Amino acid sequence: MEDFLSERFPVLTKEEWQKRVIAGDVLNENGTPLSSGAPYTPYQKLYYYRYLPNERPNPFQETVLYQDDWLVVADKPHFLPVTPSGKYVSETLLVRLRKKLGIDTLTPIHRIDRETAGLVLFFRQTGRT
């Protein structure tokens with residue numbers, strides 16, 4: 001699998017992919033970490049949550065204004081992205097709220113620009129219908 005990952009995503013070397021597989025950072029479709037040396041399976045779903053080793057902390061803090069079984073409303077400060085992209089992964093409103101509230105299924109209903117401060121609405125995917 002590490003051969004496939006390094007060929008398909010050459011930003012990381014095979015050795016770097018091996019380290020991330022061993023660390024449990026690459027998961028199969030059931031959320032189980034891959035084993036090092038696992039064989040490549042065509043069309044297998046994989047999940048990898050990237051991280052940036054030198055991501056700069058954002059000093060501005062978000063505030064949760066409302067929370068119930070379905071929704072979370074947060075006041076996003078200036079210069080904090082809503083979702084991970086580019087050079088921002090951990091220092092985003094979504095990741096911060098997931099960690100702070102312990103809600104892994106939190107999903108933004110809309111977005112606003114990184115530079116813009118304002119309210120952002122999140123849905124708590126609870127699995128209920």
# chains A, B, ... in the order shown; residues from 1 in each chain; ligands from 1
>>> select_by_dssp(residues="segment 19-108 of chain A", states="strand (DSSP E or B)", output="ChimeraX atom specification")
/A:26-28,33,46-48,63-67,71-76,85,88,106-108
>>> residues_around(residues="Lys14 of chain A", least_positions_apart="3", cutoff="9 Å", atoms="only C-alpha atoms", output="NGL selection string")
:A and (2-7 or 10 or 17-19)
>>> closest_residue(among="A:Ser90, A:Asn58, A:Gln67, A:Gln125", to="Thr107 of chain A", atoms="only C-alpha atoms")
A:Gln125
>>> atom_distance(atom1="atom CA of Asp113 of chain A", atom2="atom CA of Leu80 of chain A")
8.5 Å
>>> select_by_dssp(residues="chain A", states="alpha helix (DSSP H)", output="PyMOL selection string")
chain A and resi 2-8+14-22+93-101
>>> atom_distance(atom1="atom CA of Phe9 of chain A", atom2="atom CA of Glu55 of chain A")
20.3 Å
>>> residues_around(residues="Val21 of chain A", least_positions_apart="2", cutoff="10 Å", atoms="only C-alpha atoms", output="NGL selection string")
:A and (1-2 or 15-19 or 23-27 or 33-38 or 48)
>>> write_last_selection(atoms="all heavy atoms", output="CSV table (one decimal), in the first residue's frame")
chain,number,residue,atom,x,y,z
A,1,MET,N,0.8,-1.2,0.0
A,1,MET,CA,0.0,0.0,0.0
A,1,MET,C,0.9,1.3,0.0
A,1,MET,O,0.5,2.2,-0.6
A,1,MET,CB,-0.9,0.0,1.2
A,1,MET,CG,-1.9,1.1,1.2
A,1,MET,SD,-3.0,1.2,-0.2
A,1,MET,CE,-4.1,-0.2,0.1
A,2,GLU,N,2.0,1.2,0.7
A,2,GLU,CA,2.9,2.4,0.8
A,2,GLU,C,3.4,2.7,-0.6
A,2,GLU,O,3.6,3.9,-0.9
A,2,GLU,CB,4.0,2.2,1.8
A,2,GLU,CG,3.6,2.2,3.2
A,2,GLU,CD,3.3,0.8,3.8
A,2,GLU,OE1,3.0,-0.1,3.0
A,2,GLU,OE2,3.3,0.6,5.0
A,15,GLU,N,8.9,6.3,2.5
A,15,GLU,CA,9.3,6.2,3.9
A,15,GLU,C,8.4,7.1,4.8
A,15,GLU,O,8.0,6.6,5.9
A,15,GLU,CB,10.7,6.6,4.1
A,15,GLU,CG,11.8,5.7,3.5
A,15,GLU,CD,11.8,5.7,1.9
A,15,GLU,OE1,11.5,6.8,1.3
A,15,GLU,OE2,12.2,4.7,1.3
A,16,GLU,N,8.0,8.3,4.3
A,16,GLU,CA,7.1,9.1,5.0
A,16,GLU,C,5.7,8.4,5.1
A,16,GLU,O,5.0,8.5,6.2
A,16,GLU,CB,7.0,10.5,4.4
A,16,GLU,CG,8.2,11.3,4.6
A,16,GLU,CD,8.2,12.5,3.7
A,16,GLU,OE1,7.8,12.5,2.6
A,16,GLU,OE2,8.7,13.6,4.2
A,17,TRP,N,5.2,7.8,4.0
A,17,TRP,CA,4.0,7.1,4.1
A,17,TRP,C,4.0,5.9,5.1
A,17,TRP,O,3.1,5.7,5.8
A,17,TRP,CB,3.5,6.6,2.7
A,17,TRP,CG,2.9,7.7,1.9
A,17,TRP,CD1,3.3,8.3,0.7
A,17,TRP,CD2,1.6,8.3,2.2
A,17,TRP,NE1,2.4,9.2,0.3
A,17,TRP,CE2,1.4,9.3,1.2
A,17,TRP,CE3,0.7,8.1,3.2
A,17,TRP,CZ2,0.2,10.0,1.1
A,17,TRP,CZ3,-0.5,8.9,3.2
A,17,TRP,CH2,-0.7,9.9,2.2
A,18,GLN,N,5.2,5.2,5.1
A,18,GLN,CA,5.3,4.1,6.0
A,18,GLN,C,5.2,4.6,7.4
A,18,GLN,O,4.5,4.0,8.3
A,18,GLN,CB,6.7,3.4,5.8
A,18,GLN,CG,6.7,2.5,4.6
A,18,GLN,CD,8.1,2.0,4.3
A,18,GLN,OE1,9.1,2.6,4.6
A,18,GLN,NE2,8.1,0.8,3.7
A,19,LYS,N,5.8,5.7,7.8
A,19,LYS,CA,5.8,6.3,9.1
A,19,LYS,C,4.3,6.6,9.5
A,19,LYS,O,3.9,6.4,10.6
A,19,LYS,CB,6.6,7.5,9.2
A,19,LYS,CG,8.1,7.3,9.2
A,19,LYS,CD,8.9,8.6,9.3
A,19,LYS,CE,10.4,8.3,9.1
A,19,LYS,NZ,11.1,9.6,9.0
A,23,ALA,N,2.0,5.0,12.3
A,23,ALA,CA,1.4,5.8,13.3
A,23,ALA,C,-0.1,5.7,13.4
A,23,ALA,O,-0.8,6.3,14.3
A,23,ALA,CB,1.8,7.3,13.0
A,24,GLY,N,-0.7,5.0,12.4
A,24,GLY,CA,-2.2,4.8,12.4
A,24,GLY,C,-2.9,6.0,11.8
A,24,GLY,O,-4.1,6.2,12.0
A,25,ASP,N,-2.2,6.7,10.9
A,25,ASP,CA,-2.8,7.9,10.3
A,25,ASP,C,-3.6,7.6,9.0
A,25,ASP,O,-4.3,8.4,8.4
A,25,ASP,CB,-1.8,8.9,9.9
A,25,ASP,CG,-1.2,9.6,11.2
A,25,ASP,OD1,-1.9,9.6,12.2
A,25,ASP,OD2,0.0,10.0,11.1
A,26,VAL,N,-3.5,6.3,8.5
A,26,VAL,CA,-4.2,5.9,7.3
A,26,VAL,C,-5.2,4.8,7.7
A,26,VAL,O,-4.8,3.8,8.2
A,26,VAL,CB,-3.2,5.4,6.2
A,26,VAL,CG1,-3.9,5.1,4.9
A,26,VAL,CG2,-2.1,6.5,5.9
A,27,LEU,N,-6.5,5.1,7.4
A,27,LEU,CA,-7.5,4.2,7.8
A,27,LEU,C,-8.2,3.6,6.6
A,27,LEU,O,-8.3,4.2,5.6
A,27,LEU,CB,-8.5,5.0,8.7
A,27,LEU,CG,-8.0,5.9,9.8
A,27,LEU,CD1,-9.1,6.6,10.4
A,27,LEU,CD2,-7.2,5.0,10.8
A,33,PRO,N,-7.1,1.4,11.3
A,33,PRO,CA,-5.8,1.8,10.7
A,33,PRO,C,-5.2,0.6,9.9
A,33,PRO,O,-5.3,-0.6,10.2
A,33,PRO,CB,-4.9,2.0,12.0
A,33,PRO,CG,-5.8,2.3,13.1
A,33,PRO,CD,-7.1,1.5,12.8
A,34,LEU,N,-4.6,1.0,8.8
A,34,LEU,CA,-3.9,0.0,7.9
A,34,LEU,C,-2.7,-0.6,8.6
A,34,LEU,O,-2.1,0.1,9.4
A,34,LEU,CB,-3.4,0.6,6.6
A,34,LEU,CG,-4.4,1.0,5.6
A,34,LEU,CD1,-3.7,1.6,4.4
A,34,LEU,CD2,-5.3,-0.1,5.2
A,35,SER,N,-2.4,-1.8,8.3
A,35,SER,CA,-1.2,-2.4,8.8
A,35,SER,C,0.0,-2.1,7.9
A,35,SER,O,-0.2,-2.0,6.6
A,35,SER,CB,-1.3,-3.9,8.8
A,35,SER,OG,-2.4,-4.3,9.7
A,36,SER,N,1.2,-1.9,8.4
A,36,SER,CA,2.3,-1.6,7.6
A,36,SER,C,2.5,-2.8,6.7
A,36,SER,O,2.5,-4.0,7.1
A,36,SER,CB,3.6,-1.4,8.5
A,36,SER,OG,4.7,-1.1,7.6
A,37,GLY,N,2.8,-2.6,5.4
A,37,GLY,CA,3.0,-3.6,4.4
A,37,GLY,C,1.7,-4.2,3.9
A,37,GLY,O,1.7,-5.2,3.2
A,38,ALA,N,0.5,-3.6,4.2
A,38,ALA,CA,-0.7,-4.1,3.7
A,38,ALA,C,-0.7,-4.1,2.2
A,38,ALA,O,-0.2,-3.2,1.6
A,38,ALA,CB,-1.9,-3.3,4.3
A,48,TYR,N,-7.2,9.5,5.1
A,48,TYR,CA,-5.9,10.0,5.6
A,48,TYR,C,-6.2,11.4,6.0
A,48,TYR,O,-6.7,12.2,5.2
A,48,TYR,CB,-4.8,9.9,4.6
A,48,TYR,CG,-3.6,10.7,5.0
A,48,TYR,CD1,-2.8,10.2,6.0
A,48,TYR,CD2,-3.2,11.9,4.3
A,48,TYR,CE1,-1.7,11.0,6.5
A,48,TYR,CE2,-2.1,12.6,4.7
A,48,TYR,CZ,-1.4,12.1,5.8
A,48,TYR,OH,-0.3,12.8,6.2
>>> closest_residue(among="A:Pro84, A:His78, A:Leu94, A:Asn28", to="Val64 of chain A", atoms="only C-alpha atoms")
A:Leu94
>>> residues_around(residues="Asp68 of chain A", least_positions_apart="2", cutoff="12 Å", atoms="only C-alpha atoms", output="ChimeraX atom specification")
/A:64-66,70-73,101,103,121-126
>>> closest_residue(among="A:Arg50, A:Lys76, A:Gln44, A:Asn30", to="Val11 of chain A", atoms="only C-alpha atoms")
A:Arg50
>>> closest_residue(among="A:Val89, A:Leu97, A:Leu12, A:Leu46", to="Val120 of chain A", atoms="only C-alpha atoms")
A:Leu97
>>> residues_around(residues="Glu62 of chain A", least_positions_apart="4", cutoff="8 Å", atoms="only C-alpha atoms", output="list in words")
Ala74, Asp75, Lys76, Pro77 and Leu93 of chain A
